[in-house]
>>> print(open('upload_26.cif').read())   # mmCIF, C-alpha atoms and all ligand atoms
data_entry
loop_
_atom_site.label_atom_id
_atom_site.label_comp_id
_atom_site.auth_asym_id
_atom_site.auth_seq_id
_atom_site.Cartn_x
_atom_site.Cartn_y
_atom_site.Cartn_z
CA MET A 257 35.79 16.63 106.33
CA TRP A 258 35.37 19.37 108.87
CA PRO A 259 33.92 20.31 111.38
CA ARG A 260 31.63 18.16 112.99
CA VAL A 261 33.16 19.19 103.20
CA LEU A 262 30.75 17.78 79.73
CA MET A 263 32.27 19.53 77.60
CA VAL A 264 29.70 18.48 74.95
CA GLY A 265 26.87 19.92 76.95
CA LEU A 266 28.76 23.09 77.63
CA VAL A 267 29.68 23.54 74.00
CA ALA A 268 26.04 23.09 73.13
CA TRP A 269 25.08 25.54 75.84
CA PHE A 270 27.46 28.25 74.67
CA ALA A 271 26.94 27.56 70.98
CA CYS A 272 23.18 27.90 71.00
CA GLY A 273 21.56 31.17 70.00
CA CYS A 274 19.49 33.38 72.25
CA ALA A 275 16.24 31.76 71.21
CA GLY A 276 17.15 28.35 72.58
CA GLN A 277 19.36 29.47 75.39
CA ASN A 278 17.09 28.69 78.33
CA SER A 279 16.09 25.23 77.20
CA ALA A 280 19.67 24.32 76.27
CA ALA A 281 20.90 25.60 79.59
CA SER A 282 18.40 23.56 81.55
CA ALA A 283 19.18 20.49 79.44
CA ALA A 284 22.88 20.90 80.19
CA ARG A 285 22.12 21.16 83.88
CA ALA A 286 19.92 18.08 83.81
CA ARG A 287 22.81 16.10 82.33
CA GLY A 288 25.08 17.25 85.17
CA PHE A 289 25.95 14.83 87.92
CA ASP A 290 25.67 11.07 88.17
CA LYS A 291 26.67 10.80 91.84
CA LYS A 292 25.24 13.39 94.18
CA ILE A 293 26.56 12.77 97.65
CA ILE A 294 25.49 14.33 100.93
CA TRP A 295 27.67 13.78 103.97
CA VAL A 296 25.05 13.51 106.72
CA TRP A 297 26.35 14.12 110.22
CA GLY A 298 24.24 11.78 112.25
CA PRO A 299 24.98 11.85 116.00
CA THR A 300 21.79 13.71 116.83
CA ARG A 301 19.66 11.34 114.78
CA LYS A 302 18.61 8.16 116.49
CA THR A 303 15.22 6.74 115.56
CA PRO A 304 13.77 5.13 112.42
CA ALA A 305 11.53 8.21 112.12
CA ASP A 306 14.69 10.34 111.97
CA ALA A 307 16.00 8.06 109.23
CA VAL A 308 12.81 8.40 107.18
CA ARG A 309 12.77 12.17 107.54
CA GLU A 310 16.47 12.50 106.64
CA THR A 311 16.24 10.20 103.65
CA ASP A 312 13.10 11.84 102.27
CA LEU A 313 14.65 15.28 102.59
CA CYS A 314 17.93 14.26 100.95
CA ARG A 315 16.14 12.50 98.13
CA SER A 316 13.86 15.46 97.46
CA LEU A 317 16.95 17.68 97.17
CA GLY A 318 18.27 15.44 94.40
CA TYR A 319 20.93 13.50 96.28
CA ASN A 320 21.38 9.81 95.52
CA VAL A 321 24.05 8.92 98.10
CA MET A 322 24.04 9.56 101.84
CA VAL A 323 27.22 9.20 103.86
CA ILE A 324 26.20 8.13 107.35
CA ASP A 325 27.79 7.88 110.75
CA GLY A 326 26.16 7.76 114.15
CA PRO A 327 24.85 5.06 116.47
CA PRO A 328 25.12 1.55 115.00
CA GLN A 329 21.38 0.93 115.30
CA TYR A 330 20.65 4.12 113.39
CA ILE A 331 22.91 3.00 110.57
CA LYS A 332 21.18 -0.38 110.49
CA ASP A 333 17.76 1.32 110.48
CA ILE A 334 18.49 3.74 107.66
CA LEU A 335 19.83 1.20 105.15
CA PRO A 336 16.48 -0.45 104.20
CA ILE A 337 14.69 2.89 104.45
CA ALA A 338 17.17 4.45 102.02
CA HIS A 339 17.09 1.49 99.64
CA GLU A 340 13.29 1.61 99.43
CA ARG A 341 13.78 5.19 98.26
CA LYS A 342 16.51 4.34 95.72
CA MET A 343 19.21 6.01 97.79
CA GLN A 344 22.65 4.57 98.43
CA VAL A 345 24.20 4.56 101.90
CA TRP A 346 27.94 4.82 102.40
CA VAL A 347 29.15 4.32 105.96
CA LEU A 348 31.89 6.47 107.46
CA VAL A 349 35.22 4.77 108.14
CA SER A 350 37.54 6.91 110.19
CA TRP A 351 40.24 6.37 112.72
CA TYR A 352 40.67 9.99 113.64
CA GLY A 353 40.29 10.52 117.39
CA GLU A 354 36.90 12.08 117.50
CA TRP A 355 35.13 9.20 115.76
CA GLY A 356 37.42 6.23 115.55
CA PHE A 357 40.31 6.09 117.92
CA PRO A 358 40.29 5.63 120.89
CA LYS A 359 36.62 4.62 121.05
CA LEU A 360 37.14 1.69 118.70
CA VAL A 361 40.76 0.97 119.53
CA PRO A 362 41.05 1.50 123.27
CA ASN A 363 44.42 -0.15 123.64
CA VAL A 364 46.40 1.46 120.83
CA PRO A 365 49.92 2.16 122.11
CA LYS A 366 50.89 5.80 122.27
CA ASP A 367 53.68 5.29 119.77
CA MET A 368 51.10 4.55 117.09
CA VAL A 369 49.92 8.15 117.25
CA GLN A 370 51.45 10.77 114.94
CA GLN A 371 54.31 12.64 116.63
CA PHE A 372 55.84 16.04 115.97
CA PRO A 373 58.86 17.98 117.22
CA PRO A 374 57.99 20.21 120.22
CA ASP A 375 58.34 23.48 118.32
CA GLU A 376 56.03 22.26 115.56
CA LEU A 377 53.57 20.84 118.08
CA ALA A 378 53.17 24.27 119.68
CA GLY A 379 52.28 25.72 116.27
CA LEU A 380 49.70 23.00 115.67
CA ALA A 381 47.78 24.03 118.78
CA LYS A 382 46.98 27.50 117.49
CA GLN A 383 45.03 28.28 114.35
CA THR A 384 46.74 30.88 112.22
CA ASN A 385 45.28 30.05 108.81
CA PRO A 386 41.49 30.24 108.36
CA ASP A 387 41.66 27.33 105.91
CA LYS A 388 43.34 25.07 108.45
CA PRO A 389 41.39 24.11 111.55
CA VAL A 390 43.41 23.00 114.54
CA HIS A 391 42.97 19.29 115.19
CA PRO A 392 43.37 18.12 118.76
CA GLY A 393 44.06 14.62 117.51
CA PRO A 394 45.11 11.96 118.10
CA PHE A 395 45.82 11.00 114.53
CA LEU A 396 47.02 7.44 114.16
CA CYS A 397 50.27 7.11 112.22
CA PHE A 398 49.19 5.24 109.13
CA ASP A 399 52.78 5.01 107.93
CA ARG A 400 52.88 2.06 110.36
CA PRO A 401 51.91 -1.42 109.18
CA GLU A 402 49.93 -2.13 112.35
CA VAL A 403 47.74 0.94 111.76
CA ARG A 404 47.14 -0.08 108.15
CA LYS A 405 46.18 -3.53 109.41
CA TYR A 406 43.72 -1.93 111.79
CA ALA A 407 42.33 0.22 108.95
CA ALA A 408 41.74 -2.94 106.91
CA GLU A 409 40.05 -4.68 109.84
CA LEU A 410 37.80 -1.68 110.45
CA ALA A 411 36.83 -1.61 106.76
CA ILE A 412 36.00 -5.32 106.77
CA ALA A 413 34.03 -5.04 110.02
CA THR A 414 32.06 -2.10 108.65
CA VAL A 415 31.17 -3.99 105.47
CA GLN A 416 30.21 -7.15 107.35
CA THR A 417 28.24 -5.34 110.05
CA TYR A 418 26.15 -3.08 107.85
CA HIS A 419 26.36 -4.37 104.26
CA PRO A 420 26.33 -0.78 102.97
CA ASP A 421 26.59 0.32 99.35
CA GLY A 422 29.86 2.04 100.08
CA LEU A 423 32.48 3.09 102.57
CA ALA A 424 33.36 6.75 103.01
CA VAL A 425 36.90 7.10 104.35
CA ASP A 426 37.80 10.25 106.21
CA TRP A 427 40.80 11.76 107.97
CA VAL A 428 43.59 9.97 106.16
CA GLY A 429 46.21 12.66 106.47
CA TYR A 430 48.81 14.28 108.62
CA ARG A 431 47.91 16.54 111.50
CA ASN A 432 50.54 19.04 110.35
CA TYR A 433 49.32 18.65 106.72
CA ARG A 434 52.68 17.20 105.64
CA ALA A 435 54.33 14.30 107.44
CA CYS A 436 54.58 12.35 110.69
CA HIS A 437 57.76 12.58 112.73
CA CYS A 438 57.46 9.55 114.97
CA ALA A 439 60.57 7.35 115.16
CA TYR A 440 59.16 4.84 112.68
CA SER A 441 58.17 7.47 110.11
CA ASN A 442 61.50 9.24 110.44
CA GLN A 443 63.33 5.98 109.85
CA GLN A 444 61.20 5.00 106.86
CA ARG A 445 61.44 8.46 105.33
CA ALA A 446 65.23 8.43 105.69
CA ARG A 447 65.32 5.07 103.95
CA TYR A 448 63.09 6.38 101.16
CA ALA A 449 65.38 9.39 100.72
CA SER A 450 68.47 7.18 100.52
CA GLU A 451 66.76 5.05 97.87
CA HIS A 452 65.93 8.20 95.87
CA PRO A 453 69.16 10.20 95.96
CA ASP A 454 67.98 12.39 93.09
CA LEU A 455 65.23 13.92 95.24
CA SER A 456 65.67 16.98 97.45
CA PRO A 457 64.78 16.47 101.14
CA GLU A 458 61.48 18.30 100.53
CA GLN A 459 60.66 16.12 97.51
CA ALA A 460 61.56 12.97 99.41
CA GLN A 461 59.28 13.94 102.30
CA ARG A 462 56.46 14.83 99.94
CA ASP A 463 56.77 11.63 97.91
CA TYR A 464 57.09 9.43 101.00
CA SER A 465 53.95 10.95 102.55
CA LEU A 466 51.97 10.63 99.30
CA THR A 467 53.09 7.03 98.88
CA SER A 468 52.08 6.27 102.45
CA MET A 469 48.63 7.82 102.09
CA ALA A 470 48.08 5.96 98.83
CA ALA A 471 49.14 2.71 100.51
CA VAL A 472 46.56 3.00 103.27
CA TYR A 473 43.77 3.59 100.77
CA GLU A 474 44.97 0.58 98.79
CA VAL A 475 44.85 -1.58 101.91
CA VAL A 476 41.34 -0.36 102.75
CA ARG A 477 40.12 -0.94 99.20
CA GLN A 478 41.48 -4.46 98.96
CA ALA A 479 40.04 -5.42 102.35
CA ALA A 480 36.63 -3.93 101.60
CA LYS A 481 36.47 -5.47 98.13
CA ALA A 482 37.39 -8.87 99.55
CA ALA A 483 34.43 -8.57 101.92
CA ASP A 484 32.09 -7.28 99.19
CA PRO A 485 33.32 -7.03 95.59
CA ASN A 486 30.55 -4.54 94.78
CA ILE A 487 31.36 -2.09 97.54
CA THR A 488 32.02 1.49 96.43
CA ILE A 489 34.84 3.43 98.05
CA GLY A 490 34.52 7.14 98.62
CA CYS A 491 36.53 9.56 100.73
CA HIS A 492 37.06 13.17 101.58
CA VAL A 493 40.61 14.13 100.72
CA TYR A 494 41.26 15.65 104.11
CA PRO A 495 43.25 16.89 105.98
CA GLN A 496 44.61 18.78 103.03
CA PHE A 497 48.08 17.63 102.01
CA ASP A 498 49.94 20.90 101.63
CA PRO A 499 52.58 19.88 99.06
CA GLU A 500 49.88 18.59 96.70
CA PRO A 501 46.34 19.52 97.79
CA LEU A 502 44.60 17.98 94.75
CA CYS A 503 46.05 14.50 95.29
CA GLY A 504 42.79 12.54 95.53
CA ASN A 505 43.27 11.01 92.08
CA ARG A 506 46.27 9.06 93.41
CA PHE A 507 44.17 7.11 95.87
CA ALA A 508 42.43 3.77 95.37
CA VAL A 509 39.04 5.40 95.74
CA ASP A 510 36.12 5.43 93.31
CA TYR A 511 34.90 8.86 94.42
CA PRO A 512 37.65 10.90 96.08
CA ALA A 513 35.85 14.07 97.16
CA GLN A 514 38.42 16.71 96.40
CA THR A 515 37.95 19.94 98.32
CA THR A 516 36.82 22.40 95.68
CA ALA A 517 35.21 25.09 97.85
CA TRP A 518 36.08 25.14 101.54
CA PHE A 519 33.93 25.93 104.58
CA PHE A 520 35.38 29.08 106.02
CA GLN A 521 35.63 32.83 105.55
CA PRO A 522 37.20 34.24 103.56
CA PHE A 523 35.51 31.97 101.03
CA TRP A 524 37.85 30.94 98.25
CA PRO A 525 37.72 33.17 95.17
CA MET A 526 35.57 31.63 92.45
CA GLU A 527 38.65 31.54 90.21
CA LYS A 528 40.28 29.16 92.70
CA VAL A 529 37.11 27.06 92.93
CA ALA A 530 37.03 26.85 89.14
CA GLU A 531 40.71 25.96 88.88
CA ASN A 532 40.33 23.22 91.51
CA ALA A 533 37.35 21.79 89.65
CA ARG A 534 39.07 21.89 86.25
CA THR A 535 42.22 20.25 87.61
CA THR A 536 40.21 17.56 89.39
CA LYS A 537 38.43 16.77 86.11
CA ALA A 538 41.52 16.94 83.88
CA THR A 539 43.52 14.58 86.10
CA GLU A 540 40.81 12.20 87.34
CA HIS A 541 42.25 9.17 85.46
CA LYS A 542 45.94 9.99 85.84
CA TYR A 543 46.54 7.09 88.24
CA HIS A 544 43.41 4.89 88.22
CA ASP A 545 40.81 4.31 85.51
CA TYR A 546 38.08 3.78 88.07
CA VAL A 547 38.35 7.20 89.73
CA THR A 548 35.48 9.59 89.15
CA GLY A 549 36.62 13.13 89.88
CA THR A 550 34.41 14.45 92.65
CA GLY A 551 33.95 18.09 93.62
CA PHE A 552 33.48 18.83 97.32
CA ILE A 553 31.64 21.78 98.83
CA GLY A 554 31.93 22.52 102.54
CA MET A 555 28.96 24.21 104.21
CA THR A 556 28.23 25.28 107.74
CA MET A 557 25.41 27.11 109.47
CA GLU A 558 27.83 28.63 111.98
CA LYS A 559 28.33 32.39 111.66
CA PRO A 560 30.26 33.98 110.01
CA ASN A 561 30.76 31.08 107.62
CA ILE A 562 27.20 30.75 106.32
CA LYS A 563 27.23 30.87 102.52
CA SER A 564 24.43 32.67 100.73
CA PRO A 565 22.15 30.73 98.40
CA GLU A 566 23.72 32.54 95.44
CA ARG A 567 27.25 31.68 96.55
CA LEU A 568 26.24 28.04 96.90
CA ARG A 569 24.64 28.13 93.44
CA GLN A 570 27.83 29.56 91.95
CA GLU A 571 29.94 26.85 93.54
CA ILE A 572 27.70 24.05 92.28
CA ARG A 573 27.58 25.52 88.77
CA THR A 574 31.34 25.96 88.70
CA ILE A 575 31.89 22.31 89.59
CA LYS A 576 29.33 21.29 86.99
CA ALA A 577 30.88 23.52 84.32
CA ALA A 578 34.20 21.73 84.79
CA GLY A 579 32.49 18.53 83.65
CA LEU A 580 32.79 16.64 86.93
CA LYS A 581 30.23 13.84 87.17
CA ALA A 582 30.17 13.60 90.96
CA ILE A 583 29.61 16.19 93.63
CA CYS A 584 29.78 15.87 97.40
CA PHE A 585 28.46 18.25 100.04
CA ALA A 586 29.20 18.25 103.73
CA GLY A 587 27.98 20.39 106.57
CA ASP A 588 25.95 20.68 109.71
CA GLY A 589 22.40 20.35 108.43
CA PHE A 590 22.66 23.29 106.01
CA TYR A 591 20.43 21.47 103.55
CA ALA A 592 17.46 21.85 105.88
CA ASP A 593 17.57 25.61 105.32
CA PRO A 594 14.78 26.25 102.79
CA ALA A 595 16.66 28.79 100.67
CA LEU A 596 19.78 26.62 100.42
CA ALA A 597 17.68 23.48 99.87
CA GLN A 598 15.90 25.20 97.00
CA VAL A 599 19.21 26.02 95.29
CA ILE A 600 20.55 22.50 95.72
CA SER A 601 17.35 21.00 94.36
CA GLU A 602 17.35 23.28 91.33
CA GLU A 603 21.01 22.65 90.56
CA ILE A 604 21.26 18.88 91.06
CA GLY A 605 17.84 17.81 89.83
CA GLY A 606 15.68 17.47 92.96
CA THR A 607 11.97 17.99 93.49
CA TYR A 608 12.19 20.11 96.64
CA ARG A 609 10.45 23.44 96.59
CA ALA A 610 10.81 25.87 99.47
CA PRO A 611 7.60 26.89 101.23
CA ALA A 612 6.26 30.19 99.91
CA ALA A 613 7.37 33.18 101.94
CA LYS A 614 4.63 34.57 104.17
ZN ZN B 701 54.58 8.14 112.30
#
>>> encode(input="upload_26.cif", output="structure tokens", more="lines below")
Ligand SMILES: [Zn+2]
Amino acid sequence: MWPRVLMVGLVAWFACGCAGQNSAASAARARGFDKKIIWVWGPTRKTPADAVRETDLCRSLGYNVMVIDGPPQYIKDILPIAHERKMQVWVLVSWYGEWGFPKLVPNVPKDMVQQFPPDELAGLAKQTNPDKPVHPGPFLCFDRPEVRKYAAELAIATVQTYHPDGLAVDWVGYRNYRACHCAYSNQQRARYASEHPDLSPEQAQRDYSLTSMAAVYEVVRQAAKAADPNITIGCHVYPQFDPEPLCGNRFAVDYPAQTTAWFFQPFWPMEKVAENARTTKATEHKYHDYVTGTGFIGMTMEKPNIKSPERLRQEIRTIKAAGLKAICFAGDGFYADPALAQVISEEIGGTYRAPAAK
């Protein structure tokens, strides 16, 4: 996530005549999503009153899951408040520098951090692609067993500390969107390539990185489920993995939020949004029966990346039209904007109505 993102119904919708079109369309929309997830960025929220206000707003918009980070006391406060209001709370689990490391792991050795050749490192410091924010890091190298062990311990501690409904994992990925080049990763990748002589060097790198990412999710899932068998696992599939961006279905995650429409200008063409959504739906069970394909919409209130209400409506409808049963939104408080809130509420089944214009 960044910064600090039915066929039966459709057939009925398209098949109906003009007379019943509106009612059929609204019925199709009502059947839309089962899981409606809002990634709430919480550092500025601190008090129980903040928790009540946030939960009431999210619920009125139609959401039924809030992903929370922020001060530990705030997380503890919001859980009973959310449950009284029939909302689930998933707690962020991340070991990316800004939130996890080094705050939670002050003594991690430097060699556990992802490394890159000097010429590549220089390129990573400068943003050249609007879709790819520059990450100052440090990213832990999750190819390493000790980092996976830490990831499992963090997942267990989060479950035992908060007893949330779910964990939302973020920032499992490579800072260069492809692969780590620390000594350990290089050695393991070389071994993988020698064990798969039929693969080209590019295929071997891609497959090794995918296998490694999948392994860390598996570790997190097993640890979390051991602590609470009913825990739900969600994630944002980010940073994007360049060789296979729509790889969330590979991971041991119940709701892998697959970036469908990204945050930044130029906004992705709606054809690309639609293709992402269709692929996410068509392949949701390719690797795990328990995966629910989840469309992700990134939103920000920072100019020039503010999406119009109509653009947001298009993105939601496109994800819904693909038949996805879960949708996830992330952004910096965009849902408090009355015009955007109104669209969300209309499209995902909320009760919010924007104040009348004066
Ligand atoms: Zn590494």
>>> residues_around(input="upload_26.cif", residues="range 540-556 of chain A", least_positions_apart="6", cutoff="7 Å", atoms="all atoms listed in the file", output="number ranges by chain")
A: 261, 505-506, 509-519, 533, 562, 575, 580-588, 590
>>> write_last_selection(input="upload_26.cif", atoms="C-alpha atoms", output="compact mmCIF listing (two decimals), in the frame of the given file")
# COMPACT_ATOMS: atom_id res chain seq x y z
CA VAL A 261 33.16 19.19 103.20
CA ASN A 505 43.27 11.01 92.08
CA ARG A 506 46.27 9.06 93.41
CA VAL A 509 39.04 5.40 95.74
CA ASP A 510 36.12 5.43 93.31
CA TYR A 511 34.90 8.86 94.42
CA PRO A 512 37.65 10.90 96.08
CA ALA A 513 35.85 14.07 97.16
CA GLN A 514 38.42 16.71 96.40
CA THR A 515 37.95 19.94 98.32
CA THR A 516 36.82 22.40 95.68
CA ALA A 517 35.21 25.09 97.85
CA TRP A 518 36.08 25.14 101.54
CA PHE A 519 33.93 25.93 104.58
CA ALA A 533 37.35 21.79 89.65
CA ILE A 562 27.20 30.75 106.32
CA ILE A 575 31.89 22.31 89.59
CA LEU A 580 32.79 16.64 86.93
CA LYS A 581 30.23 13.84 87.17
CA ALA A 582 30.17 13.60 90.96
CA ILE A 583 29.61 16.19 93.63
CA CYS A 584 29.78 15.87 97.40
CA PHE A 585 28.46 18.25 100.04
CA ALA A 586 29.20 18.25 103.73
CA GLY A 587 27.98 20.39 106.57
CA ASP A 588 25.95 20.68 109.71
CA PHE A 590 22.66 23.29 106.01
>>> residues_near_ligand(input="upload_26.cif", ligand="ligand ZN 701 (chain B)", cutoff="7 Å", atoms="only C-alpha atoms and all ligand atoms", output="number ranges by chain")
A: 368-371, 397-400, 436-441
>>> closest_residue(input="upload_26.cif", among="A:Ala578, A:Ala305, A:Ala470, A:Val476", to="Gly504 in chain A", atoms="only C-alpha atoms")
A:Ala470
>>> axis_aligned_box(input="upload_26.cif", around="range 426-430 of chain A", padding_each_side="4 Å", output="JSON")
{"center_x": 43.3, "center_y": 12.1, "center_z": 107.4, "size_x": 19.0, "size_y": 12.3, "size_z": 10.5}
>>> closest_residue(input="upload_26.cif", among="A:Gln344, A:Ser350, A:Asn532, A:Thr303", to="Tyr473 in chain A", atoms="only C-alpha atoms")
A:Ser350
>>> residues_around(input="upload_26.cif", residues="range 374-391 of chain A", least_positions_apart="2", cutoff="9 Å", atoms="all atoms listed in the file", output="count of residues only")
17
>>> atom_distance(input="upload_26.cif", atom1="CA of Cys503 in chain A", atom2="CA of Pro365 in chain A")
29.8 Å
>>> atom_distance(input="upload_26.cif", atom1="CA of Glu474 in chain A", atom2="CA of Ala411 in chain A")
11.6 Å
>>> closest_residue(input="upload_26.cif", among="A:Leu410, A:Ala612, A:Leu423, A:Leu335", to="Trp351 in chain A", atoms="all atoms listed in the file")
A:Leu410
>>> residues_around(input="upload_26.cif", residues="Asp421 in chain A", least_positions_apart="5", cutoff="10 Å", atoms="all atoms listed in the file", output="JSON, numbers by chain")
{"A": [321, 322, 323, 335, 339, 343, 344, 345, 346, 347, 415, 484, 486, 487, 488, 489]}
>>> residues_around(input="upload_26.cif", residues="range 606-608 of chain A", least_positions_apart="4", cutoff="6 Å", atoms="all atoms listed in the file", output="list in words")
Ser316, Leu317, Gly318 and Ser601 of chain A
>>> atom_distance(input="upload_26.cif", atom1="CA of Gln570 in chain A", atom2="CA of Glu531 in chain A")
13.7 Å
>>> closest_residue(input="upload_26.cif", among="A:Met469, A:Gly589, A:Ala307, A:Arg315", to="Lys292 in chain A", atoms="all atoms listed in the file")
A:Arg315
>>> build_atoms(input="upload_26.cif", residues="range 432-452 of chain A", atoms="N, CA and C atoms", output="mmCIF file, in the frame of the given file")
data_model
loop_
_atom_site.group_PDB
_atom_site.id
_atom_site.type_symbol
_atom_site.label_atom_id
_atom_site.label_comp_id
_atom_site.auth_asym_id
_atom_site.auth_seq_id
_atom_site.Cartn_x
_atom_site.Cartn_y
_atom_site.Cartn_z
ATOM 1 N N ASN A 432 49.826 17.807 110.737
ATOM 2 C CA ASN A 432 50.540 19.040 110.350
ATOM 3 C C ASN A 432 50.436 19.280 108.841
ATOM 4 N N TYR A 433 49.581 18.505 108.162
ATOM 5 C CA TYR A 433 49.320 18.650 106.720
ATOM 6 C C TYR A 433 50.521 18.259 105.846
ATOM 7 N N ARG A 434 51.489 17.534 106.422
ATOM 8 C CA ARG A 434 52.680 17.200 105.640
ATOM 9 C C ARG A 434 53.242 15.807 105.892
ATOM 10 N N ALA A 435 53.580 15.529 107.160
ATOM 11 C CA ALA A 435 54.330 14.300 107.440
ATOM 12 C C ALA A 435 54.337 14.021 108.934
ATOM 13 N N CYS A 436 54.437 12.749 109.279
ATOM 14 C CA CYS A 436 54.580 12.350 110.690
ATOM 15 C C CYS A 436 56.074 12.284 111.032
ATOM 16 N N HIS A 437 56.358 12.607 112.284
ATOM 17 C CA HIS A 437 57.760 12.580 112.730
ATOM 18 C C HIS A 437 57.974 11.630 113.899
ATOM 19 N N CYS A 438 57.171 10.580 113.965
ATOM 20 C CA CYS A 438 57.460 9.550 114.970
ATOM 21 C C CYS A 438 58.739 8.807 114.534
ATOM 22 N N ALA A 439 59.291 8.019 115.450
ATOM 23 C CA ALA A 439 60.570 7.350 115.160
ATOM 24 C C ALA A 439 60.441 6.460 113.924
ATOM 25 N N TYR A 440 59.320 5.736 113.826
ATOM 26 C CA TYR A 440 59.160 4.840 112.680
ATOM 27 C C TYR A 440 59.100 5.616 111.366
ATOM 28 N N SER A 441 58.295 6.680 111.350
ATOM 29 C CA SER A 441 58.170 7.470 110.110
ATOM 30 C C SER A 441 59.497 8.103 109.731
ATOM 31 N N ASN A 442 60.195 8.633 110.725
ATOM 32 C CA ASN A 442 61.500 9.240 110.440
ATOM 33 C C ASN A 442 62.452 8.228 109.804
ATOM 34 N N GLN A 443 62.444 7.032 110.358
ATOM 35 C CA GLN A 443 63.330 5.980 109.850
ATOM 36 C C GLN A 443 62.947 5.590 108.411
ATOM 37 N N GLN A 444 61.651 5.406 108.197
ATOM 38 C CA GLN A 444 61.200 5.000 106.860
ATOM 39 C C GLN A 444 61.445 6.108 105.834
ATOM 40 N N ARG A 445 61.228 7.341 106.249
ATOM 41 C CA ARG A 445 61.440 8.460 105.330
ATOM 42 C C ARG A 445 62.920 8.583 104.968
ATOM 43 N N ALA A 446 63.786 8.377 105.959
ATOM 44 C CA ALA A 446 65.230 8.430 105.690
ATOM 45 C C ALA A 446 65.617 7.329 104.698
ATOM 46 N N ARG A 447 65.029 6.168 104.877
ATOM 47 C CA ARG A 447 65.320 5.070 103.950
ATOM 48 C C ARG A 447 64.837 5.425 102.535
ATOM 49 N N TYR A 448 63.637 5.987 102.464
ATOM 50 C CA TYR A 448 63.090 6.380 101.160
ATOM 51 C C TYR A 448 64.009 7.399 100.488
ATOM 52 N N ALA A 449 64.483 8.359 101.281
ATOM 53 C CA ALA A 449 65.380 9.390 100.720
ATOM 54 C C ALA A 449 66.682 8.764 100.211
ATOM 55 N N SER A 450 67.206 7.794 100.949
ATOM 56 C CA SER A 450 68.470 7.180 100.520
ATOM 57 C C SER A 450 68.263 6.339 99.261
ATOM 58 N N GLU A 451 67.064 5.827 99.080
ATOM 59 C CA GLU A 451 66.760 5.050 97.870
ATOM 60 C C GLU A 451 66.445 5.950 96.666
ATOM 61 N N HIS A 452 66.238 7.226 96.943
ATOM 62 C CA HIS A 452 65.930 8.200 95.870
ATOM 63 C C HIS A 452 66.875 9.384 95.995
#
